[in-house]
Structures are given as C-alpha cells and as structure tokens.
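This is model30.pdb. It holds PDB, N, CA and C atoms.
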ATOM      1  N   MET A   1      28.769  28.726  -1.466
ATOM      2  CA  MET A   1      29.806  27.721  -1.273
ATOM      3  C   MET A   1      31.052  28.431  -0.738
ATOM      4  N   THR A   2      31.706  27.800   0.214
ATOM      5  CA  THR A   2      32.923  28.396   0.771
ATOM      6  C   THR A   2      34.142  27.884   0.037
ATOM      7  N   LYS A   3      35.175  28.693   0.042
ATOM      8  CA  LYS A   3      36.419  28.309  -0.619
ATOM      9  C   LYS A   3      37.398  27.793   0.421
ATOM     10  N   SER A   4      38.097  26.758   0.089
ATOM     11  CA  SER A   4      39.154  26.233   0.955
ATOM     12  C   SER A   4      40.373  27.137   0.835
ATOM     13  N   PRO A   5      41.162  27.241   1.907
ATOM     14  CA  PRO A   5      42.380  28.052   1.795
ATOM     15  C   PRO A   5      43.324  27.423   0.772
ATOM     16  N   PRO A   6      44.183  28.224   0.162
ATOM     17  CA  PRO A   6      45.134  27.679  -0.817
ATOM     18  C   PRO A   6      45.984  26.575  -0.177
ATOM     19  N   HIS A   7      46.310  25.583  -0.976
ATOM     20  CA  HIS A   7      47.132  24.482  -0.458
ATOM     21  C   HIS A   7      48.483  25.005   0.003
ATOM     22  N   GLY A   8      48.991  24.397   1.052
ATOM     23  CA  GLY A   8      50.289  24.788   1.581
ATOM     24  C   GLY A   8      50.197  25.882   2.634
ATOM     25  N   ARG A   9      49.093  26.587   2.667
ATOM     26  CA  ARG A   9      48.916  27.641   3.664
ATOM     27  C   ARG A   9      48.254  27.045   4.897
ATOM     28  N   ARG A  10      48.889  27.206   6.020
ATOM     29  CA  ARG A  10      48.350  26.652   7.258
ATOM     30  C   ARG A  10      48.071  27.775   8.235
ATOM     31  N   ILE A  11      47.016  27.593   8.994
ATOM     32  CA  ILE A  11      46.677  28.552  10.025
ATOM     33  C   ILE A  11      47.085  27.945  11.356
ATOM     34  N   ALA A  12      47.868  28.669  12.113
ATOM     35  CA  ALA A  12      48.330  28.167  13.410
ATOM     36  C   ALA A  12      47.160  28.117  14.382
ATOM     37  N   PRO A  13      47.088  27.056  15.206
ATOM     38  CA  PRO A  13      46.017  26.996  16.199
ATOM     39  C   PRO A  13      46.185  28.118  17.223
ATOM     40  N   ARG A  14      45.079  28.550  17.758
ATOM     41  CA  ARG A  14      45.126  29.579  18.791
ATOM     42  C   ARG A  14      45.914  29.060  19.981
ATOM     43  N   ALA A  15      46.559  29.953  20.675
ATOM     44  CA  ALA A  15      47.385  29.571  21.824
ATOM     45  C   ALA A  15      46.566  28.849  22.892
ATOM     46  N   GLU A  16      45.299  29.216  23.029
ATOM     47  CA  GLU A  16      44.457  28.622  24.073
ATOM     48  C   GLU A  16      43.823  27.295  23.659
ATOM     49  N   ALA A  17      43.977  26.905  22.408
ATOM     50  CA  ALA A  17      43.270  25.736  21.891
ATOM     51  C   ALA A  17      43.580  24.461  22.671
ATOM     52  N   GLU A  18      44.831  24.225  22.989
ATOM     53  CA  GLU A  18      45.190  23.003  23.730
ATOM     54  C   GLU A  18      44.602  23.011  25.130
ATOM     55  N   ALA A  19      44.650  24.161  25.792
ATOM     56  CA  ALA A  19      44.085  24.262  27.143
ATOM     57  C   ALA A  19      42.570  24.057  27.115
ATOM     58  N   GLU A  20      41.915  24.592  26.086
ATOM     59  CA  GLU A  20      40.473  24.419  25.954
ATOM     60  C   GLU A  20      40.115  22.964  25.678
ATOM     61  N   LEU A  21      40.896  22.297  24.845
ATOM     62  CA  LEU A  21      40.661  20.882  24.569
ATOM     63  C   LEU A  21      40.832  20.072  25.841
ATOM     64  N   ARG A  22      41.888  20.331  26.585
ATOM     65  CA  ARG A  22      42.142  19.608  27.840
ATOM     66  C   ARG A  22      40.993  19.838  28.826
ATOM     67  N   ALA A  23      40.512  21.077  28.925
ATOM     68  CA  ALA A  23      39.399  21.376  29.831
ATOM     69  C   ALA A  23      38.137  20.618  29.414
ATOM     70  N   LEU A  24      37.879  20.560  28.101
ATOM     71  CA  LEU A  24      36.714  19.829  27.609
ATOM     72  C   LEU A  24      36.850  18.337  27.905
ATOM     73  N   LEU A  25      38.020  17.792  27.681
ATOM     74  CA  LEU A  25      38.248  16.371  27.984
ATOM     75  C   LEU A  25      38.044  16.088  29.469
ATOM     76  N   ASP A  26      38.454  17.028  30.317
ATOM     77  CA  ASP A  26      38.280  16.854  31.760
ATOM     78  C   ASP A  26      36.813  16.919  32.186
ATOM     79  N   GLU A  27      35.983  17.618  31.405
ATOM     80  CA  GLU A  27      34.554  17.746  31.721
ATOM     81  C   GLU A  27      33.749  16.503  31.350
ATOM     82  N   ILE A  28      34.199  15.760  30.371
ATOM     83  CA  ILE A  28      33.416  14.638  29.828
ATOM     84  C   ILE A  28      32.913  13.681  30.910
ATOM     85  N   PRO A  29      33.717  13.285  31.883
ATOM     86  CA  PRO A  29      33.200  12.352  32.900
ATOM     87  C   PRO A  29      32.032  12.901  33.737
ATOM     88  N   GLN A  30      31.853  14.209  33.753
ATOM     89  CA  GLN A  30      30.754  14.788  34.535
ATOM     90  C   GLN A  30      29.470  14.974  33.722
ATOM     91  N   TRP A  31      29.516  14.749  32.423
ATOM     92  CA  TRP A  31      28.339  14.938  31.593
ATOM     93  C   TRP A  31      27.281  13.888  31.924
ATOM     94  N   PRO A  32      25.998  14.288  31.890
ATOM     95  CA  PRO A  32      24.930  13.296  32.025
ATOM     96  C   PRO A  32      24.958  12.338  30.825
ATOM     97  N   ASP A  33      24.394  11.161  31.000
ATOM     98  CA  ASP A  33      24.414  10.135  29.949
ATOM     99  C   ASP A  33      23.880  10.636  28.612
ATOM    100  N   ASP A  34      22.742  11.341  28.639
ATOM    101  CA  ASP A  34      22.152  11.779  27.371
ATOM    102  C   ASP A  34      23.049  12.782  26.650
ATOM    103  N   MET A  35      23.696  13.666  27.390
ATOM    104  CA  MET A  35      24.615  14.627  26.764
ATOM    105  C   MET A  35      25.842  13.910  26.209
ATOM    106  N   LEU A  36      26.357  12.957  26.957
ATOM    107  CA  LEU A  36      27.516  12.179  26.522
ATOM    108  C   LEU A  36      27.222  11.478  25.199
ATOM    109  N   MET A  37      26.074  10.827  25.108
ATOM    110  CA  MET A  37      25.721  10.105  23.885
ATOM    111  C   MET A  37      25.479  11.070  22.723
ATOM    112  N   HIS A  38      24.836  12.200  23.014
ATOM    113  CA  HIS A  38      24.593  13.204  21.972
ATOM    114  C   HIS A  38      25.917  13.747  21.419
ATOM    115  N   MET A  39      26.825  14.108  22.302
ATOM    116  CA  MET A  39      28.088  14.687  21.860
ATOM    117  C   MET A  39      28.953  13.652  21.135
ATOM    118  N   HIS A  40      28.880  12.398  21.569
ATOM    119  CA  HIS A  40      29.618  11.343  20.865
ATOM    120  C   HIS A  40      29.153  11.274  19.411
ATOM    121  N   ARG A  41      27.836  11.300  19.210
ATOM    122  CA  ARG A  41      27.298  11.288  17.839
ATOM    123  C   ARG A  41      27.763  12.520  17.071
ATOM    124  N   ARG A  42      27.685  13.642  17.729
ATOM    125  CA  ARG A  42      28.035  14.911  17.085
ATOM    126  C   ARG A  42      29.489  14.950  16.645
ATOM    127  N   TYR A  43      30.391  14.484  17.506
ATOM    128  CA  TYR A  43      31.814  14.481  17.150
ATOM    129  C   TYR A  43      32.075  13.592  15.939
ATOM    130  N   GLY A  44      31.287  12.561  15.762
ATOM    131  CA  GLY A  44      31.486  11.660  14.630
ATOM    132  C   GLY A  44      30.753  12.038  13.363
ATOM    133  N   GLU A  45      29.676  12.843  13.479
ATOM    134  CA  GLU A  45      28.832  13.107  12.318
ATOM    135  C   GLU A  45      28.881  14.542  11.798
ATOM    136  N   SER A  46      29.131  15.505  12.652
ATOM    137  CA  SER A  46      29.025  16.904  12.258
ATOM    138  C   SER A  46      30.134  17.331  11.302
ATOM    139  N   ARG A  47      29.765  18.136  10.318
ATOM    140  CA  ARG A  47      30.762  18.692   9.391
ATOM    141  C   ARG A  47      31.742  19.600  10.107
ATOM    142  N   LEU A  48      31.353  20.158  11.240
ATOM    143  CA  LEU A  48      32.241  21.053  11.994
ATOM    144  C   LEU A  48      33.516  20.342  12.440
ATOM    145  N   PHE A  49      33.453  19.025  12.557
ATOM    146  CA  PHE A  49      34.590  18.256  13.047
ATOM    147  C   PHE A  49      35.317  17.514  11.930
ATOM    148  N   ARG A  50      35.106  17.958  10.699
ATOM    149  CA  ARG A  50      35.753  17.333   9.550
ATOM    150  C   ARG A  50      36.686  18.327   8.863
ATOM    151  N   VAL A  51      37.731  17.803   8.277
ATOM    152  CA  VAL A  51      38.697  18.636   7.579
ATOM    153  C   VAL A  51      37.976  19.426   6.493
ATOM    154  N   HIS A  52      38.177  20.727   6.478
ATOM    155  CA  HIS A  52      37.546  21.656   5.530
ATOM    156  C   HIS A  52      36.021  21.606   5.587
ATOM    157  N   HIS A  53      35.457  21.093   6.663
ATOM    158  CA  HIS A  53      34.003  21.006   6.857
ATOM    159  C   HIS A  53      33.310  20.227   5.742
ATOM    160  N   ALA A  54      34.041  19.350   5.089
ATOM    161  CA  ALA A  54      33.472  18.544   4.017
ATOM    162  C   ALA A  54      32.593  17.446   4.617
ATOM    163  N   PRO A  55      31.364  17.276   4.118
ATOM    164  CA  PRO A  55      30.464  16.266   4.685
ATOM    165  C   PRO A  55      31.061  14.864   4.703
ATOM    166  N   ASP A  56      31.886  14.547   3.715
ATOM    167  CA  ASP A  56      32.484  13.214   3.649
ATOM    168  C   ASP A  56      33.981  13.252   3.963
ATOM    169  N   GLY A  57      34.439  14.371   4.527
ATOM    170  CA  GLY A  57      35.854  14.517   4.857
ATOM    171  C   GLY A  57      36.252  13.699   6.073
ATOM    172  N   VAL A  58      37.531  13.577   6.264
ATOM    173  CA  VAL A  58      38.035  12.833   7.423
ATOM    174  C   VAL A  58      37.880  13.681   8.674
ATOM    175  N   LEU A  59      37.767  13.017   9.804
ATOM    176  CA  LEU A  59      37.669  13.721  11.080
ATOM    177  C   LEU A  59      38.979  14.427  11.392
ATOM    178  N   THR A  60      38.875  15.578  12.027
ATOM    179  CA  THR A  60      40.081  16.281  12.465
ATOM    180  C   THR A  60      40.703  15.512  13.623
ATOM    181  N   GLU A  61      41.951  15.801  13.906
ATOM    182  CA  GLU A  61      42.636  15.145  15.025
ATOM    183  C   GLU A  61      41.908  15.413  16.336
ATOM    184  N   ARG A  62      41.466  16.640  16.542
ATOM    185  CA  ARG A  62      40.739  16.975  17.777
ATOM    186  C   ARG A  62      39.411  16.220  17.856
ATOM    187  N   ALA A  63      38.727  16.076  16.734
ATOM    188  CA  ALA A  63      37.472  15.328  16.726
ATOM    189  C   ALA A  63      37.717  13.869  17.091
ATOM    190  N   ARG A  64      38.775  13.286  16.551
ATOM    191  CA  ARG A  64      39.096  11.892  16.897
ATOM    192  C   ARG A  64      39.407  11.769  18.391
ATOM    193  N   THR A  65      40.115  12.755  18.937
ATOM    194  CA  THR A  65      40.430  12.744  20.367
ATOM    195  C   THR A  65      39.151  12.792  21.196
ATOM    196  N   LEU A  66      38.228  13.704  20.839
ATOM    197  CA  LEU A  66      36.971  13.840  21.567
ATOM    198  C   LEU A  66      36.082  12.612  21.377
ATOM    199  N   LEU A  67      36.045  12.081  20.176
ATOM    200  CA  LEU A  67      35.252  10.885  19.895
ATOM    201  C   LEU A  67      35.758   9.704  20.726
ATOM    202  N   ASN A  68      37.061   9.535  20.777
ATOM    203  CA  ASN A  68      37.640   8.439  21.579
ATOM    204  C   ASN A  68      37.377   8.638  23.066
ATOM    205  N   ALA A  69      37.456   9.874  23.537
ATOM    206  CA  ALA A  69      37.210  10.152  24.957
ATOM    207  C   ALA A  69      35.756   9.868  25.322
ATOM    208  N   THR A  70      34.814  10.289  24.464
ATOM    209  CA  THR A  70      33.407  10.024  24.767
ATOM    210  C   THR A  70      33.106   8.526  24.651
ATOM    211  N   ARG A  71      33.712   7.858  23.689
ATOM    212  CA  ARG A  71      33.514   6.412  23.549
ATOM    213  C   ARG A  71      34.030   5.675  24.789
ATOM    214  N   SER A  72      35.188   6.068  25.279
ATOM    215  CA  SER A  72      35.754   5.433  26.481
ATOM    216  C   SER A  72      34.847   5.649  27.685
ATOM    217  N   GLU A  73      34.335   6.867  27.833
ATOM    218  CA  GLU A  73      33.440   7.157  28.963
ATOM    219  C   GLU A  73      32.144   6.367  28.841
ATOM    220  N   MET A  74      31.621   6.234  27.624
ATOM    221  CA  MET A  74      30.410   5.442  27.417
ATOM    222  C   MET A  74      30.656   3.981  27.783
ATOM    223  N   MET A  75      31.816   3.459  27.430
ATOM    224  CA  MET A  75      32.139   2.074  27.760
ATOM    225  C   MET A  75      32.228   1.891  29.270
ATOM    226  N   LEU A  76      32.832   2.854  29.958
ATOM    227  CA  LEU A  76      32.912   2.781  31.417
ATOM    228  C   LEU A  76      31.525   2.737  32.063
ATOM    229  N   ARG A  77      30.597   3.468  31.466
ATOM    230  CA  ARG A  77      29.242   3.532  31.999
ATOM    231  C   ARG A  77      28.330   2.413  31.488
ATOM    232  N   GLY A  78      28.822   1.634  30.535
ATOM    233  CA  GLY A  78      28.011   0.561  29.964
ATOM    234  C   GLY A  78      26.953   1.065  28.999
ATOM    235  N   LEU A  79      27.198   2.224  28.371
ATOM    236  CA  LEU A  79      26.244   2.815  27.424
ATOM    237  C   LEU A  79      26.621   2.425  26.006
ATOM    238  N   THR A  80      25.597   2.263  25.166
ATOM    239  CA  THR A  80      25.830   2.008  23.743
ATOM    240  C   THR A  80      24.902   2.905  22.932
ATOM    241  N   LEU A  81      25.301   3.196  21.711
ATOM    242  CA  LEU A  81      24.439   3.936  20.792
ATOM    243  C   LEU A  81      23.519   2.953  20.104
ATOM    244  N   SER A  82      22.415   3.433  19.618
ATOM    245  CA  SER A  82      21.434   2.554  18.970
ATOM    246  C   SER A  82      21.997   1.896  17.727
ATOM    247  N   GLY A  83      23.068   2.473  17.145
ATOM    248  CA  GLY A  83      23.670   1.901  15.948
ATOM    249  C   GLY A  83      24.589   0.720  16.241
ATOM    250  N   GLY A  84      24.635   0.277  17.503
ATOM    251  CA  GLY A  84      25.440  -0.885  17.840
ATOM    252  C   GLY A  84      26.833  -0.568  18.323
ATOM    253  N   GLU A  85      27.156   0.715  18.406
ATOM    254  CA  GLU A  85      28.513   1.073  18.852
ATOM    255  C   GLU A  85      28.613   0.987  20.357
TER     256      GLU A  85
END

Show me this structure written as structure tokens.
Amino acid sequence: MTKSPPHGRRIAPRAEAEAELRALLDEIPQWPDDMLMHMHRRYGESRLFRVHHAPDGVLTERARTLLNATRSEMMLRGLTLSGGE
C-alpha cells in the first residue's frame, strides 16, 4: 500500500506539464476513432487520473480537461460509448 503525502504539502507541477498537456490536447483531433474512445474511457476510469490514485477518488483537473476534450471530439464525430455517453 502506498502512503499519501502529508496534508498541506504540495508538489509543484513540472515546468513542462502545461506544454505537454496542450500538445496532447492538440493531438486529440488526429486520433483514430478507436483510440479516441479508448482514451476517453481511460481518462474517466483509470486510477492514474484520480487524486491520490484512489479508485473512488475524484478526477484530477487535468483528467477532467482531457475527458472533456475527448468527449467534445467524440460528439463532433458522432461517436458514443456503449454505456450511452
């Protein structure tokens, strides 16, 4: 089991993090449909995109940004997930 950092202690994001996020967002429109749908699911379900990697934790701000971007692209393409989204 991993330990969460002590409360009140924050780790600053890497300097390149914003540029990397922007580059990823710019790539989304070029993804094939199957990759787009897979990544949309992943951004919403994976523990990697949740605060403290908790299975039932809230999505991180970056995960919400990526989830919204993939959802918007899916809507533009007329794609839906099997779960009705």

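Residues lying within 9 Å of A:Glu45, counting only C-alpha atoms and ignoring same-chain neighbours fewer than 4 positions away, are His40, Arg41, Phe49, Arg50, Pro55 and Leu59 of chain A.
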
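Summary of the local environment: counting only C-alpha atoms, residues at most 9 Å from A:Met39, other than itself and those fewer than 6 positions away along its chain, are Leu66, Leu67 and Thr70 of chain A.
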
Quiz item: With only N, CA and C atoms as the basis for distance, which of A:Val51, A:Leu79, A:Leu36, A:Arg62 is at the shortest distance from A:Leu21?
Solution: A:Arg62

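With only N, CA and C atoms taken into account, the protein and nucleic acid residues at most 8 Å from A:Ala69 (excluding it and anything under 4 positions from it in its own chain) are Leu25, Ile28, Pro29, His40, Ala63, Arg64, Thr65, Glu73, Met74 and Met75 of chain A.
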
Just N, CA and C atoms for this one: save the residues we selected as a CSV table (one decimal), in the frame of the given file.
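Result went into again.csv, see below:
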chain,number,residue,atom,x,y,z
A,25,LEU,N,38.0,17.8,27.7
A,25,LEU,CA,38.2,16.4,28.0
A,25,LEU,C,38.0,16.1,29.5
A,28,ILE,N,34.2,15.8,30.4
A,28,ILE,CA,33.4,14.6,29.8
A,28,ILE,C,32.9,13.7,30.9
A,29,PRO,N,33.7,13.3,31.9
A,29,PRO,CA,33.2,12.4,32.9
A,29,PRO,C,32.0,12.9,33.7
A,40,HIS,N,28.9,12.4,21.6
A,40,HIS,CA,29.6,11.3,20.9
A,40,HIS,C,29.2,11.3,19.4
A,63,ALA,N,38.7,16.1,16.7
A,63,ALA,CA,37.5,15.3,16.7
A,63,ALA,C,37.7,13.9,17.1
A,64,ARG,N,38.8,13.3,16.6
A,64,ARG,CA,39.1,11.9,16.9
A,64,ARG,C,39.4,11.8,18.4
A,65,THR,N,40.1,12.8,18.9
A,65,THR,CA,40.4,12.7,20.4
A,65,THR,C,39.2,12.8,21.2
A,73,GLU,N,34.3,6.9,27.8
A,73,GLU,CA,33.4,7.2,29.0
A,73,GLU,C,32.1,6.4,28.8
A,74,MET,N,31.6,6.2,27.6
A,74,MET,CA,30.4,5.4,27.4
A,74,MET,C,30.7,4.0,27.8
A,75,MET,N,31.8,3.5,27.4
A,75,MET,CA,32.1,2.1,27.8
A,75,MET,C,32.2,1.9,29.3

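Counting from atom CA of A:Gly78, the distance to atom CA of A:Arg22 is 23.8 Å.
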
Exercise. Would you list, as an MDAnalysis selection string, the residues of chain A that end up in alpha helix (DSSP H) under DSSP run on this structure's backbone?
Key: chainID A and resid 17:27 33:45 61:77

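Here the question is which of A:Leu24, A:Met37, A:Ala15, A:Gly44 gets nearest to A:Thr80 using all atoms listed in the file, and that residue is A:Met37.
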
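Relative to atom CA of A:Glu16, atom CA of A:His53 is found at 21.5 Å.
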
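What separates atom N of A:Asp26 from atom C of A:Leu48 is a distance of 18.8 Å.
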
Since the input has fewer atoms than a full residue there, write stretch 70-81 of chain A out with all heavy atoms, as an mmCIF file, in the coordinates of the input.
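Printed below is rebuild.cif as written:
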data_model
loop_
_atom_site.group_PDB
_atom_site.id
_atom_site.type_symbol
_atom_site.label_atom_id
_atom_site.label_comp_id
_atom_site.auth_asym_id
_atom_site.auth_seq_id
_atom_site.Cartn_x
_atom_site.Cartn_y
_atom_site.Cartn_z
ATOM 1 N N THR A 70 34.814 10.289 24.464
ATOM 2 C CA THR A 70 33.407 10.024 24.767
ATOM 3 C C THR A 70 33.106 8.526 24.651
ATOM 4 O O THR A 70 32.358 7.984 25.460
ATOM 5 C CB THR A 70 32.460 10.840 23.861
ATOM 6 O OG1 THR A 70 32.786 10.623 22.491
ATOM 7 C CG2 THR A 70 32.532 12.322 24.185
ATOM 8 N N ARG A 71 33.712 7.858 23.689
ATOM 9 C CA ARG A 71 33.514 6.412 23.549
ATOM 10 C C ARG A 71 34.030 5.675 24.789
ATOM 11 O O ARG A 71 33.353 4.784 25.316
ATOM 12 C CB ARG A 71 34.212 5.878 22.303
ATOM 13 C CG ARG A 71 34.000 4.374 22.094
ATOM 14 C CD ARG A 71 34.719 3.842 20.871
ATOM 15 N NE ARG A 71 34.184 4.451 19.658
ATOM 16 C CZ ARG A 71 34.921 5.150 18.793
ATOM 17 N NH1 ARG A 71 36.215 5.329 18.982
ATOM 18 N NH2 ARG A 71 34.367 5.657 17.716
ATOM 19 N N SER A 72 35.188 6.068 25.279
ATOM 20 C CA SER A 72 35.754 5.433 26.481
ATOM 21 C C SER A 72 34.847 5.649 27.685
ATOM 22 O O SER A 72 34.615 4.720 28.468
ATOM 23 C CB SER A 72 37.142 6.000 26.780
ATOM 24 O OG SER A 72 38.039 5.647 25.768
ATOM 25 N N GLU A 73 34.335 6.867 27.833
ATOM 26 C CA GLU A 73 33.440 7.157 28.963
ATOM 27 C C GLU A 73 32.144 6.367 28.841
ATOM 28 O O GLU A 73 31.625 5.851 29.836
ATOM 29 C CB GLU A 73 33.149 8.658 29.042
ATOM 30 C CG GLU A 73 32.306 9.064 30.219
ATOM 31 C CD GLU A 73 32.932 8.819 31.575
ATOM 32 O OE1 GLU A 73 34.183 8.796 31.676
ATOM 33 O OE2 GLU A 73 32.176 8.647 32.561
ATOM 34 N N MET A 74 31.621 6.234 27.624
ATOM 35 C CA MET A 74 30.410 5.442 27.417
ATOM 36 C C MET A 74 30.656 3.981 27.783
ATOM 37 O O MET A 74 29.804 3.344 28.416
ATOM 38 C CB MET A 74 29.939 5.556 25.969
ATOM 39 C CG MET A 74 29.354 6.921 25.649
ATOM 40 S SD MET A 74 29.001 7.172 23.894
ATOM 41 C CE MET A 74 27.833 5.864 23.577
ATOM 42 N N MET A 75 31.816 3.459 27.430
ATOM 43 C CA MET A 75 32.139 2.074 27.760
ATOM 44 C C MET A 75 32.228 1.891 29.270
ATOM 45 O O MET A 75 31.739 0.885 29.799
ATOM 46 C CB MET A 75 33.429 1.655 27.067
ATOM 47 C CG MET A 75 33.265 1.506 25.562
ATOM 48 S SD MET A 75 34.823 1.208 24.683
ATOM 49 C CE MET A 75 35.337 -0.333 25.410
ATOM 50 N N LEU A 76 32.832 2.854 29.958
ATOM 51 C CA LEU A 76 32.912 2.781 31.417
ATOM 52 C C LEU A 76 31.525 2.737 32.063
ATOM 53 O O LEU A 76 31.324 2.057 33.061
ATOM 54 C CB LEU A 76 33.671 3.995 31.980
ATOM 55 C CG LEU A 76 35.181 3.979 31.865
ATOM 56 C CD1 LEU A 76 35.766 5.334 32.275
ATOM 57 C CD2 LEU A 76 35.768 2.880 32.734
ATOM 58 N N ARG A 77 30.597 3.468 31.466
ATOM 59 C CA ARG A 77 29.242 3.532 31.999
ATOM 60 C C ARG A 77 28.330 2.413 31.488
ATOM 61 O O ARG A 77 27.193 2.283 31.911
ATOM 62 C CB ARG A 77 28.589 4.867 31.647
ATOM 63 C CG ARG A 77 29.286 6.054 32.244
ATOM 64 C CD ARG A 77 28.533 7.317 31.918
ATOM 65 N NE ARG A 77 29.305 8.504 32.171
ATOM 66 C CZ ARG A 77 28.836 9.735 32.075
ATOM 67 N NH1 ARG A 77 27.574 9.925 31.722
ATOM 68 N NH2 ARG A 77 29.608 10.773 32.319
ATOM 69 N N GLY A 78 28.822 1.634 30.535
ATOM 70 C CA GLY A 78 28.011 0.561 29.964
ATOM 71 C C GLY A 78 26.953 1.065 28.999
ATOM 72 O O GLY A 78 25.931 0.416 28.792
ATOM 73 N N LEU A 79 27.198 2.224 28.371
ATOM 74 C CA LEU A 79 26.244 2.815 27.424
ATOM 75 C C LEU A 79 26.621 2.425 26.006
ATOM 76 O O LEU A 79 27.789 2.284 25.670
ATOM 77 C CB LEU A 79 26.281 4.345 27.527
ATOM 78 C CG LEU A 79 25.945 4.939 28.875
ATOM 79 C CD1 LEU A 79 26.195 6.437 28.859
ATOM 80 C CD2 LEU A 79 24.508 4.647 29.252
ATOM 81 N N THR A 80 25.597 2.263 25.166
ATOM 82 C CA THR A 80 25.830 2.008 23.743
ATOM 83 C C THR A 80 24.902 2.905 22.932
ATOM 84 O O THR A 80 23.842 3.307 23.404
ATOM 85 C CB THR A 80 25.551 0.546 23.359
ATOM 86 O OG1 THR A 80 24.198 0.240 23.691
ATOM 87 C CG2 THR A 80 26.483 -0.408 24.082
ATOM 88 N N LEU A 81 25.301 3.196 21.711
ATOM 89 C CA LEU A 81 24.439 3.936 20.792
ATOM 90 C C LEU A 81 23.519 2.953 20.104
ATOM 91 O O LEU A 81 23.849 1.774 19.957
ATOM 92 C CB LEU A 81 25.283 4.689 19.755
ATOM 93 C CG LEU A 81 26.118 5.833 20.314
ATOM 94 C CD1 LEU A 81 27.026 6.404 19.228
ATOM 95 C CD2 LEU A 81 25.228 6.926 20.861
#
